[in-house]
$ cat run-v1.pdb   # PDB, C-alpha atoms and all ligand atoms
ATOM      1  CA  MET X1093      16.502 -18.515   4.180  1.00  0.00           C
ATOM      2  CA  SER X1094      15.456 -14.924   4.689  1.00  0.00           C
ATOM      3  CA  LYS X1095      11.740 -14.214   4.585  1.00  0.00           C
ATOM      4  CA  ILE X1096      10.936 -11.410   2.190  1.00  0.00           C
ATOM      5  CA  ALA X1097       7.359 -10.152   1.914  1.00  0.00           C
ATOM      6  CA  VAL X1098       5.881  -7.825  -0.676  1.00  0.00           C
ATOM      7  CA  TYR X1099       3.067  -5.438   0.293  1.00  0.00           C
ATOM      8  CA  PRO X1100       1.495  -4.229  -2.959  1.00  0.00           C
ATOM      9  CA  GLY X1101      -0.999  -1.422  -3.504  1.00  0.00           C
ATOM     10  CA  SER X1102      -1.687   1.945  -5.072  1.00  0.00           C
ATOM     11  CA  PHE X1103      -0.927   4.015  -1.969  1.00  0.00           C
ATOM     12  CA  ASP X1104      -2.381   7.188  -3.490  1.00  0.00           C
ATOM     13  CA  PRO X1105      -1.581   8.422  -0.868  1.00  0.00           C
ATOM     14  CA  ILE X1106      -0.247   6.196   1.921  1.00  0.00           C
ATOM     15  CA  THR X1107      -2.529   6.292   4.994  1.00  0.00           C
ATOM     16  CA  ASN X1108      -2.038   5.381   8.644  1.00  0.00           C
ATOM     17  CA  GLY X1109      -3.873   2.129   7.854  1.00  0.00           C
ATOM     18  CA  HIS X1110      -1.187   1.191   5.305  1.00  0.00           C
ATOM     19  CA  LEU X1111       1.601   2.281   7.643  1.00  0.00           C
ATOM     20  CA  ASP X1112       0.185   0.105  10.419  1.00  0.00           C
ATOM     21  CA  ILE X1113       0.296  -2.957   8.138  1.00  0.00           C
ATOM     22  CA  ILE X1114       3.867  -2.090   7.081  1.00  0.00           C
ATOM     23  CA  GLU X1115       5.033  -1.692  10.675  1.00  0.00           C
ATOM     24  CA  ARG X1116       3.403  -4.923  11.846  1.00  0.00           C
ATOM     25  CA  SER X1117       4.759  -6.887   8.865  1.00  0.00           C
ATOM     26  CA  SER X1118       8.255  -5.512   9.424  1.00  0.00           C
ATOM     27  CA  LYS X1119       8.239  -7.210  12.826  1.00  0.00           C
ATOM     28  CA  ILE X1120       7.386 -10.589  11.300  1.00  0.00           C
ATOM     29  CA  PHE X1121       9.508 -10.690   8.138  1.00  0.00           C
ATOM     30  CA  ASP X1122      13.206 -10.146   7.548  1.00  0.00           C
ATOM     31  CA  LYS X1123      12.410  -7.692   4.786  1.00  0.00           C
ATOM     32  CA  VAL X1124       9.214  -5.977   3.609  1.00  0.00           C
ATOM     33  CA  ILE X1125       9.109  -4.490   0.124  1.00  0.00           C
ATOM     34  CA  VAL X1126       6.304  -2.002  -0.428  1.00  0.00           C
ATOM     35  CA  GLY X1127       5.379  -2.375  -4.106  1.00  0.00           C
ATOM     36  CA  VAL X1128       3.701   0.676  -5.597  1.00  0.00           C
ATOM     37  CA  LEU X1129       1.651  -0.401  -8.576  1.00  0.00           C
ATOM     38  CA  GLU X1130       1.772   1.665 -11.736  1.00  0.00           C
ATOM     39  CA  ASN X1131      -1.803   1.006 -12.708  1.00  0.00           C
ATOM     40  CA  PRO X1132      -2.885   2.453 -16.063  1.00  0.00           C
ATOM     41  CA  GLU X1133      -6.518   1.574 -15.209  1.00  0.00           C
ATOM     42  CA  LYS X1134      -6.552   4.069 -12.360  1.00  0.00           C
ATOM     43  CA  LYS X1135      -7.193   7.350 -14.106  1.00  0.00           C
ATOM     44  CA  ASN X1136      -6.318  10.693 -12.556  1.00  0.00           C
ATOM     45  CA  PRO X1137      -4.186   9.656  -9.619  1.00  0.00           C
ATOM     46  CA  LEU X1138      -3.505  12.388  -7.063  1.00  0.00           C
ATOM     47  CA  PHE X1139       0.230  11.648  -6.883  1.00  0.00           C
ATOM     48  CA  SER X1140       2.478  10.253  -9.600  1.00  0.00           C
ATOM     49  CA  VAL X1141       4.036   6.864  -8.898  1.00  0.00           C
ATOM     50  CA  SER X1142       7.434   8.412  -8.169  1.00  0.00           C
ATOM     51  CA  GLU X1143       5.860  10.919  -5.763  1.00  0.00           C
ATOM     52  CA  ARG X1144       4.068   8.069  -3.968  1.00  0.00           C
ATOM     53  CA  VAL X1145       7.329   6.132  -3.665  1.00  0.00           C
ATOM     54  CA  GLU X1146       9.016   9.224  -2.218  1.00  0.00           C
ATOM     55  CA  LEU X1147       6.220   9.803   0.346  1.00  0.00           C
ATOM     56  CA  ILE X1148       6.291   6.161   1.486  1.00  0.00           C
ATOM     57  CA  LYS X1149      10.094   6.225   1.744  1.00  0.00           C
ATOM     58  CA  ARG X1150       9.854   9.320   3.920  1.00  0.00           C
ATOM     59  CA  VAL X1151       7.404   7.754   6.388  1.00  0.00           C
ATOM     60  CA  THR X1152       9.079   4.328   6.511  1.00  0.00           C
ATOM     61  CA  GLU X1153      12.626   5.636   6.978  1.00  0.00           C
ATOM     62  CA  LYS X1154      12.499   4.539  10.606  1.00  0.00           C
ATOM     63  CA  PHE X1155      12.116   0.856   9.695  1.00  0.00           C
ATOM     64  CA  ASP X1156      15.452  -0.477   8.545  1.00  0.00           C
ATOM     65  CA  ASN X1157      14.023  -3.620   6.892  1.00  0.00           C
ATOM     66  CA  VAL X1158      11.454  -1.823   4.711  1.00  0.00           C
ATOM     67  CA  GLU X1159      12.122  -0.957   1.062  1.00  0.00           C
ATOM     68  CA  VAL X1160       9.887   0.864  -1.416  1.00  0.00           C
ATOM     69  CA  GLU X1161       9.787   0.315  -5.163  1.00  0.00           C
ATOM     70  CA  SER X1162       7.318   0.765  -7.986  1.00  0.00           C
ATOM     71  CA  PHE X1163       6.351  -1.965 -10.401  1.00  0.00           C
ATOM     72  CA  LYS X1164       4.356  -2.433 -13.601  1.00  0.00           C
ATOM     73  CA  GLY X1165       2.580  -5.485 -14.879  1.00  0.00           C
ATOM     74  CA  LEU X1166       1.985  -8.699 -12.987  1.00  0.00           C
ATOM     75  CA  LEU X1167       2.679  -8.811  -9.278  1.00  0.00           C
ATOM     76  CA  ILE X1168       4.095 -12.339  -9.554  1.00  0.00           C
ATOM     77  CA  ASP X1169       6.777 -11.105 -11.979  1.00  0.00           C
ATOM     78  CA  PHE X1170       7.782  -8.408  -9.483  1.00  0.00           C
ATOM     79  CA  MET X1171       7.837 -11.067  -6.726  1.00  0.00           C
ATOM     80  CA  LYS X1172      10.180 -13.239  -8.782  1.00  0.00           C
ATOM     81  CA  LYS X1173      12.504 -10.314  -9.380  1.00  0.00           C
ATOM     82  CA  LYS X1174      12.561  -9.576  -5.655  1.00  0.00           C
ATOM     83  CA  GLU X1175      12.939 -13.270  -4.718  1.00  0.00           C
ATOM     84  CA  SER X1176       9.826 -13.161  -2.557  1.00  0.00           C
ATOM     85  CA  LYS X1177       7.064 -15.741  -2.226  1.00  0.00           C
ATOM     86  CA  ILE X1178       4.855 -13.920   0.270  1.00  0.00           C
ATOM     87  CA  ILE X1179       2.254 -11.282  -0.542  1.00  0.00           C
ATOM     88  CA  ILE X1180       0.905  -9.250   2.381  1.00  0.00           C
ATOM     89  CA  LYS X1181      -2.585  -7.815   2.126  1.00  0.00           C
ATOM     90  CA  GLY X1182      -4.540  -5.771   4.626  1.00  0.00           C
ATOM     91  CA  LEU X1183      -8.193  -6.581   5.216  1.00  0.00           C
ATOM     92  CA  ARG X1184     -10.539  -3.886   6.405  1.00  0.00           C
ATOM     93  CA  ALA X1185     -13.964  -5.361   6.033  1.00  0.00           C
ATOM     94  CA  VAL X1186     -15.980  -8.117   4.476  1.00  0.00           C
ATOM     95  CA  SER X1187     -16.190  -5.947   1.371  1.00  0.00           C
ATOM     96  CA  ASP X1188     -12.405  -6.254   0.838  1.00  0.00           C
ATOM     97  CA  PHE X1189     -12.617 -10.005   1.183  1.00  0.00           C
ATOM     98  CA  GLU X1190     -14.206 -11.115  -2.070  1.00  0.00           C
ATOM     99  CA  TYR X1191     -11.856  -9.157  -4.321  1.00  0.00           C
ATOM    100  CA  GLU X1192      -8.765 -10.075  -2.306  1.00  0.00           C
ATOM    101  CA  PHE X1193      -9.803 -13.748  -2.203  1.00  0.00           C
ATOM    102  CA  GLN X1194     -10.087 -13.772  -5.998  1.00  0.00           C
ATOM    103  CA  MET X1195      -6.694 -12.062  -6.429  1.00  0.00           C
ATOM    104  CA  ALA X1196      -5.006 -14.450  -3.993  1.00  0.00           C
ATOM    105  CA  LEU X1197      -6.355 -17.475  -5.859  1.00  0.00           C
ATOM    106  CA  MET X1198      -5.360 -16.012  -9.227  1.00  0.00           C
ATOM    107  CA  ASN X1199      -1.813 -15.253  -8.079  1.00  0.00           C
ATOM    108  CA  ASN X1200      -1.521 -18.755  -6.654  1.00  0.00           C
ATOM    109  CA  LYS X1201      -2.785 -20.190  -9.943  1.00  0.00           C
ATOM    110  CA  LEU X1202      -0.177 -18.177 -11.873  1.00  0.00           C
ATOM    111  CA  ASP X1203       2.589 -19.297  -9.512  1.00  0.00           C
ATOM    112  CA  SER X1204       1.823 -21.997  -6.963  1.00  0.00           C
ATOM    113  CA  ASN X1205       4.861 -21.040  -4.857  1.00  0.00           C
ATOM    114  CA  ILE X1206       3.276 -17.723  -3.964  1.00  0.00           C
ATOM    115  CA  GLU X1207       1.238 -17.380  -0.763  1.00  0.00           C
ATOM    116  CA  THR X1208      -0.948 -14.412   0.148  1.00  0.00           C
ATOM    117  CA  LEU X1209      -1.149 -13.636   3.857  1.00  0.00           C
ATOM    118  CA  PHE X1210      -3.896 -11.385   5.188  1.00  0.00           C
ATOM    119  CA  MET X1211      -3.483  -9.088   8.109  1.00  0.00           C
ATOM    120  CA  MET X1212      -6.586  -7.702   9.800  1.00  0.00           C
ATOM    121  CA  THR X1213      -6.722  -3.952  10.047  1.00  0.00           C
ATOM    122  CA  SER X1214      -6.276  -2.391  13.464  1.00  0.00           C
ATOM    123  CA  SER X1215      -9.773  -1.356  14.520  1.00  0.00           C
ATOM    124  CA  GLN X1216      -8.968   2.358  14.590  1.00  0.00           C
ATOM    125  CA  TYR X1217      -8.137   2.233  10.867  1.00  0.00           C
ATOM    126  CA  SER X1218     -10.932   0.023   9.643  1.00  0.00           C
ATOM    127  CA  TYR X1219     -12.742   2.961   8.004  1.00  0.00           C
ATOM    128  CA  LEU X1220      -9.637   4.404   6.372  1.00  0.00           C
ATOM    129  CA  SER X1221      -8.872   4.287   2.646  1.00  0.00           C
ATOM    130  CA  SER X1222      -6.848   6.447   0.281  1.00  0.00           C
ATOM    131  CA  SER X1223     -10.047   7.563  -1.421  1.00  0.00           C
ATOM    132  CA  SER X1224     -11.709   8.639   1.838  1.00  0.00           C
ATOM    133  CA  VAL X1225      -8.559  10.610   2.713  1.00  0.00           C
ATOM    134  CA  LYS X1226      -8.750  12.343  -0.690  1.00  0.00           C
ATOM    135  CA  GLN X1227     -12.389  13.261  -0.108  1.00  0.00           C
ATOM    136  CA  VAL X1228     -11.629  14.777   3.292  1.00  0.00           C
ATOM    137  CA  ALA X1229      -8.647  16.690   1.870  1.00  0.00           C
ATOM    138  CA  MET X1230     -10.604  17.971  -1.119  1.00  0.00           C
ATOM    139  CA  TYR X1231     -13.083  19.731   1.168  1.00  0.00           C
ATOM    140  CA  GLY X1232     -10.431  21.040   3.534  1.00  0.00           C
ATOM    141  CA  GLY X1233     -11.106  18.581   6.386  1.00  0.00           C
ATOM    142  CA  CYS X1234      -8.552  17.751   9.063  1.00  0.00           C
ATOM    143  CA  LEU X1235      -6.171  14.933   8.117  1.00  0.00           C
ATOM    144  CA  LYS X1236      -4.804  14.393  11.625  1.00  0.00           C
ATOM    145  CA  GLY X1237      -4.698  10.702  12.490  1.00  0.00           C
ATOM    146  CA  LEU X1238      -5.592   9.677   8.924  1.00  0.00           C
ATOM    147  CA  VAL X1239      -2.198  10.024   7.275  1.00  0.00           C
ATOM    148  CA  PRO X1240       1.321  10.311   8.717  1.00  0.00           C
ATOM    149  CA  ASP X1241       1.945  13.904   9.884  1.00  0.00           C
ATOM    150  CA  GLU X1242       5.070  14.152   7.680  1.00  0.00           C
ATOM    151  CA  ILE X1243       2.989  14.041   4.496  1.00  0.00           C
ATOM    152  CA  THR X1244      -0.085  16.100   5.441  1.00  0.00           C
ATOM    153  CA  GLN X1245       1.298  19.250   3.830  1.00  0.00           C
ATOM    154  CA  ASP X1246       2.104  17.406   0.584  1.00  0.00           C
ATOM    155  CA  ILE X1247      -1.541  16.355   0.286  1.00  0.00           C
ATOM    156  CA  ILE X1248      -2.905  19.793   1.119  1.00  0.00           C
ATOM    157  CA  LYS X1249      -0.529  21.419  -1.397  1.00  0.00           C
ATOM    158  CA  LYS X1250      -1.519  18.961  -4.101  1.00  0.00           C
ATOM    159  CA  PHE X1251      -5.186  19.850  -3.701  1.00  0.00           C
ATOM    160  CA  SER X1252      -4.538  23.577  -3.611  1.00  0.00           C
ATOM    161  CA  LYS X1253      -2.604  23.232  -6.900  1.00  0.00           C
ATOM    162  CA  LYS X1254      -5.408  21.173  -8.462  1.00  0.00           C
ATOM    163  CA  GLN X1255      -8.043  23.660  -7.412  1.00  0.00           C
ATOM    164  CA  GLY X1256      -5.763  26.660  -7.953  1.00  0.00           C
TER     165      GLY X1256
HETATM  166  P1  LIG A   1      -6.849   1.860  -0.748  1.00  0.00           P
HETATM  167  O1  LIG A   1      -7.867   0.735  -0.767  1.00  0.00           O
HETATM  168  O2  LIG A   1      -6.795   2.597   0.542  1.00  0.00           O
HETATM  169  O3  LIG A   1      -6.886   2.735  -1.961  1.00  0.00           O
HETATM  170  P2  LIG A   1      -4.566   0.330  -1.734  1.00  0.00           P
HETATM  171  O4  LIG A   1      -5.239  -0.229  -2.907  1.00  0.00           O
HETATM  172  O5  LIG A   1      -3.355   1.134  -1.929  1.00  0.00           O
HETATM  173  O6  LIG A   1      -5.454   1.177  -0.757  1.00  0.00           O
HETATM  174  O7  LIG A   1      -4.314  -0.847  -0.678  1.00  0.00           O
HETATM  175  C1  LIG A   1      -3.157  -1.590  -0.542  1.00  0.00           C
HETATM  176  C2  LIG A   1      -3.386  -2.653   0.504  1.00  0.00           C
HETATM  177  O8  LIG A   1      -3.601  -2.060   1.771  1.00  0.00           O
HETATM  178  C3  LIG A   1      -4.595  -3.551   0.287  1.00  0.00           C
HETATM  179  O9  LIG A   1      -4.235  -4.857   0.722  1.00  0.00           O
HETATM  180  C4  LIG A   1      -5.642  -2.953   1.199  1.00  0.00           C
HETATM  181  O10 LIG A   1      -6.610  -3.917   1.587  1.00  0.00           O
HETATM  182  C5  LIG A   1      -4.786  -2.534   2.364  1.00  0.00           C
HETATM  183  N1  LIG A   1      -5.358  -1.445   3.165  1.00  0.00           N
HETATM  184  C6  LIG A   1      -5.773  -0.242   2.727  1.00  0.00           C
HETATM  185  N2  LIG A   1      -6.233   0.506   3.761  1.00  0.00           N
HETATM  186  C7  LIG A   1      -6.127  -0.264   4.883  1.00  0.00           C
HETATM  187  C8  LIG A   1      -6.472  -0.073   6.262  1.00  0.00           C
HETATM  188  N3  LIG A   1      -7.039   1.052   6.687  1.00  0.00           N
HETATM  189  N4  LIG A   1      -6.208  -1.093   7.112  1.00  0.00           N
HETATM  190  C9  LIG A   1      -5.654  -2.242   6.659  1.00  0.00           C
HETATM  191  N5  LIG A   1      -5.338  -2.483   5.381  1.00  0.00           N
HETATM  192  C10 LIG A   1      -5.551  -1.515   4.496  1.00  0.00           C
END
$ encode --input "run-v1.pdb" --output "structure tokens"
Amino acid sequence: MSKIAVYPGSFDPITNGHLDIIERSSKIFDKVIVGVLENPEKKNPLFSVSERVELIKRVTEKFDNVEVESFKGLLIDFMKKKESKIIIKGLRAVSDFEYEFQMALMNNKLDSNIETLFMMTSSQYSYLSSSSVKQVAMYGGCLKGLVPDEITQDIIKKFSKKQG
């Protein structure tokens, strides 16, 4: 049986912390599906869902067992559609833990076949989040090492348009 894992998130935008989790998971599972959540609760995203999917596809091209897709609604419904029973989550700090713990228990309650596996962040990315990247970019700070080089210009352009 092939082991398919889903790595869900907003990825607005994808950071080197996300990419690290994707790369490490791709070595463990037969297939990793990055699920980009269309979340109506998150107002004013920087990138549209389809733009986010395109950016992630661009930076994960080198991994031949990684796919990228968007989804709406419940994660467990997306998992069923993709025939996956494994959710991958990255953990940065204790502060991530409580929320992720609650989500993992809820998903398991909704479907007891689903398991959430947590991967600890690599120490050099423990401070990194999409929102901190957006703050740095908004004030013209250097994005080197924070996001994949291939997408730096997309982020800078987006902010210059917004401020334009
Ligand atoms: P963010 O919190 O950066 O806005 P998302 O909501 O898109 O990111 O996160 C998707 C998943 O990636 C979550 O499981 C989150 O804990 C994990 N993640 C985010 N940033 C990192 C990082 N720097 N290292 C490890 N995991 C991370």
$ closest_residue --input "run-v1.pdb" --among "X:Ile1206, X:Leu1129, X:Ile1247, X:Val1160" --to "ligand LIG 1 (chain A)" --atoms "all atoms listed in the file"
X:Leu1129
$ closest_atom_pairs --input "run-v1.pdb" --of "stretch 1148-1207 of chain X" --to "stretch 1118-1122 of chain X" --cutoff "9 Å" --atoms "all atoms listed in the file" --output "JSON lines"
{"residue": "X:Phe1155", "atom": "CA", "partner": "X:Ser1118", "partner_atom": "CA", "distance": 7.5}
{"residue": "X:Asp1156", "atom": "CA", "partner": "X:Ser1118", "partner_atom": "CA", "distance": 8.8}
{"residue": "X:Asn1157", "atom": "CA", "partner": "X:Ser1118", "partner_atom": "CA", "distance": 6.6}
{"residue": "X:Val1158", "atom": "CA", "partner": "X:Ser1118", "partner_atom": "CA", "distance": 6.8}
$ residues_near_ligand --input "run-v1.pdb" --ligand "ligand LIG 1 (chain A)" --cutoff "6 Å" --atoms "all atoms listed in the file" --output "ChimeraX atom specification"
/X:1100-1103,1109-1110,1181-1184,1213,1217-1218,1220-1223
$ axis_aligned_box --input "run-v1.pdb" --around "stretch 1109-1116 of chain X" --padding-each-side "8 Å" --output "AutoDock Vina command-line options"
--center_x 0.6 --center_y -1.3 --center_z 8.6 --size_x 24.9 --size_y 23.2 --size_z 22.5
$ resolve_selection --input "run-v1.pdb" --expression "the PyMOL selection byres (((chain X and resi 1194-1199) around 10) and not hetatm)" --output "list in words"
Leu1166, Leu1167, Ile1168, Ile1179, Lys1181, Phe1189, Glu1190, Tyr1191, Glu1192, Phe1193, Asn1200, Lys1201, Leu1202, Asp1203, Ser1204, Asn1205, Ile1206, Glu1207, Thr1208, Leu1209 and Phe1210 of chain X
$ resolve_selection --input "run-v1.pdb" --expression "the PyMOL selection byres (((chain X and resi 1163) around 10) and not hetatm)" --output "ChimeraX atom specification"
/X:1100,1126-1131,1141,1161-1162,1164-1167,1169-1171
$ residues_around --input "run-v1.pdb" --residues "X:Ser1140" --least-positions-apart "6" --cutoff "10 Å" --atoms "only C-alpha atoms" --output "count of residues only"
4
$ closest_residue --input "run-v1.pdb" --among "X:Lys1249, X:Lys1134, X:Arg1116, X:Lys1254" --to "X:Ile1180" --atoms "all atoms listed in the file"
X:Arg1116
$ build_atoms --input "run-v1.pdb" --residues "stretch 1127-1145 of chain X" --atoms "N, CA, C and O atoms" --output "mmCIF file, in the coordinates of the input"
data_model
loop_
_atom_site.group_PDB
_atom_site.id
_atom_site.type_symbol
_atom_site.label_atom_id
_atom_site.label_comp_id
_atom_site.auth_asym_id
_atom_site.auth_seq_id
_atom_site.Cartn_x
_atom_site.Cartn_y
_atom_site.Cartn_z
ATOM 1 N N GLY X 1127 5.409 -2.445 -2.641
ATOM 2 C CA GLY X 1127 5.379 -2.375 -4.106
ATOM 3 C C GLY X 1127 4.281 -1.428 -4.556
ATOM 4 O O GLY X 1127 3.104 -1.673 -4.348
ATOM 5 N N VAL X 1128 4.682 -0.314 -5.158
ATOM 6 C CA VAL X 1128 3.701 0.676 -5.597
ATOM 7 C C VAL X 1128 3.339 0.386 -7.053
ATOM 8 O O VAL X 1128 4.185 0.466 -7.947
ATOM 9 N N LEU X 1129 2.091 0.036 -7.248
ATOM 10 C CA LEU X 1129 1.651 -0.401 -8.576
ATOM 11 C C LEU X 1129 1.406 0.774 -9.513
ATOM 12 O O LEU X 1129 0.668 1.708 -9.181
ATOM 13 N N GLU X 1130 2.060 0.698 -10.672
ATOM 14 C CA GLU X 1130 1.772 1.665 -11.736
ATOM 15 C C GLU X 1130 0.601 1.104 -12.490
ATOM 16 O O GLU X 1130 0.753 0.208 -13.316
ATOM 17 N N ASN X 1131 -0.587 1.605 -12.168
ATOM 18 C CA ASN X 1131 -1.803 1.006 -12.708
ATOM 19 C C ASN X 1131 -2.459 1.922 -13.741
ATOM 20 O O ASN X 1131 -3.080 2.921 -13.384
ATOM 21 N N PRO X 1132 -2.327 1.578 -15.025
ATOM 22 C CA PRO X 1132 -2.885 2.453 -16.063
ATOM 23 C C PRO X 1132 -4.417 2.522 -16.008
ATOM 24 O O PRO X 1132 -5.021 3.436 -16.550
ATOM 25 N N GLU X 1133 -5.046 1.543 -15.300
ATOM 26 C CA GLU X 1133 -6.518 1.574 -15.209
ATOM 27 C C GLU X 1133 -7.004 2.664 -14.264
ATOM 28 O O GLU X 1133 -8.140 3.088 -14.321
ATOM 29 N N LYS X 1134 -6.128 3.035 -13.321
ATOM 30 C CA LYS X 1134 -6.552 4.069 -12.360
ATOM 31 C C LYS X 1134 -6.271 5.437 -12.951
ATOM 32 O O LYS X 1134 -5.135 5.907 -12.977
ATOM 33 N N LYS X 1135 -7.330 6.047 -13.451
ATOM 34 C CA LYS X 1135 -7.193 7.350 -14.106
ATOM 35 C C LYS X 1135 -7.081 8.443 -13.037
ATOM 36 O O LYS X 1135 -7.611 8.305 -11.940
ATOM 37 N N ASN X 1136 -6.441 9.527 -13.429
ATOM 38 C CA ASN X 1136 -6.318 10.693 -12.556
ATOM 39 C C ASN X 1136 -5.845 10.421 -11.134
ATOM 40 O O ASN X 1136 -6.529 10.746 -10.167
ATOM 41 N N PRO X 1137 -4.689 9.812 -10.989
ATOM 42 C CA PRO X 1137 -4.186 9.656 -9.619
ATOM 43 C C PRO X 1137 -3.841 11.021 -9.036
ATOM 44 O O PRO X 1137 -3.586 11.974 -9.783
ATOM 45 N N LEU X 1138 -3.863 11.122 -7.707
ATOM 46 C CA LEU X 1138 -3.505 12.388 -7.063
ATOM 47 C C LEU X 1138 -1.991 12.599 -7.170
ATOM 48 O O LEU X 1138 -1.533 13.656 -7.594
ATOM 49 N N PHE X 1139 -1.230 11.565 -6.818
ATOM 50 C CA PHE X 1139 0.230 11.648 -6.883
ATOM 51 C C PHE X 1139 0.756 10.725 -7.973
ATOM 52 O O PHE X 1139 0.188 9.643 -8.200
ATOM 53 N N SER X 1140 1.845 11.143 -8.621
ATOM 54 C CA SER X 1140 2.478 10.253 -9.600
ATOM 55 C C SER X 1140 3.105 9.083 -8.835
ATOM 56 O O SER X 1140 3.289 9.166 -7.607
ATOM 57 N N VAL X 1141 3.452 8.025 -9.563
ATOM 58 C CA VAL X 1141 4.036 6.864 -8.898
ATOM 59 C C VAL X 1141 5.338 7.252 -8.183
ATOM 60 O O VAL X 1141 5.574 6.849 -7.044
ATOM 61 N N SER X 1142 6.164 8.067 -8.830
ATOM 62 C CA SER X 1142 7.434 8.412 -8.169
ATOM 63 C C SER X 1142 7.205 9.281 -6.935
ATOM 64 O O SER X 1142 7.920 9.160 -5.941
ATOM 65 N N GLU X 1143 6.181 10.132 -6.967
ATOM 66 C CA GLU X 1143 5.860 10.919 -5.763
ATOM 67 C C GLU X 1143 5.389 9.999 -4.632
ATOM 68 O O GLU X 1143 5.763 10.175 -3.472
ATOM 69 N N ARG X 1144 4.569 9.004 -4.990
ATOM 70 C CA ARG X 1144 4.068 8.069 -3.968
ATOM 71 C C ARG X 1144 5.218 7.305 -3.333
ATOM 72 O O ARG X 1144 5.256 7.120 -2.119
ATOM 73 N N VAL X 1145 6.155 6.857 -4.181
ATOM 74 C CA VAL X 1145 7.329 6.132 -3.665
ATOM 75 C C VAL X 1145 8.087 7.025 -2.687
ATOM 76 O O VAL X 1145 8.461 6.605 -1.591
#
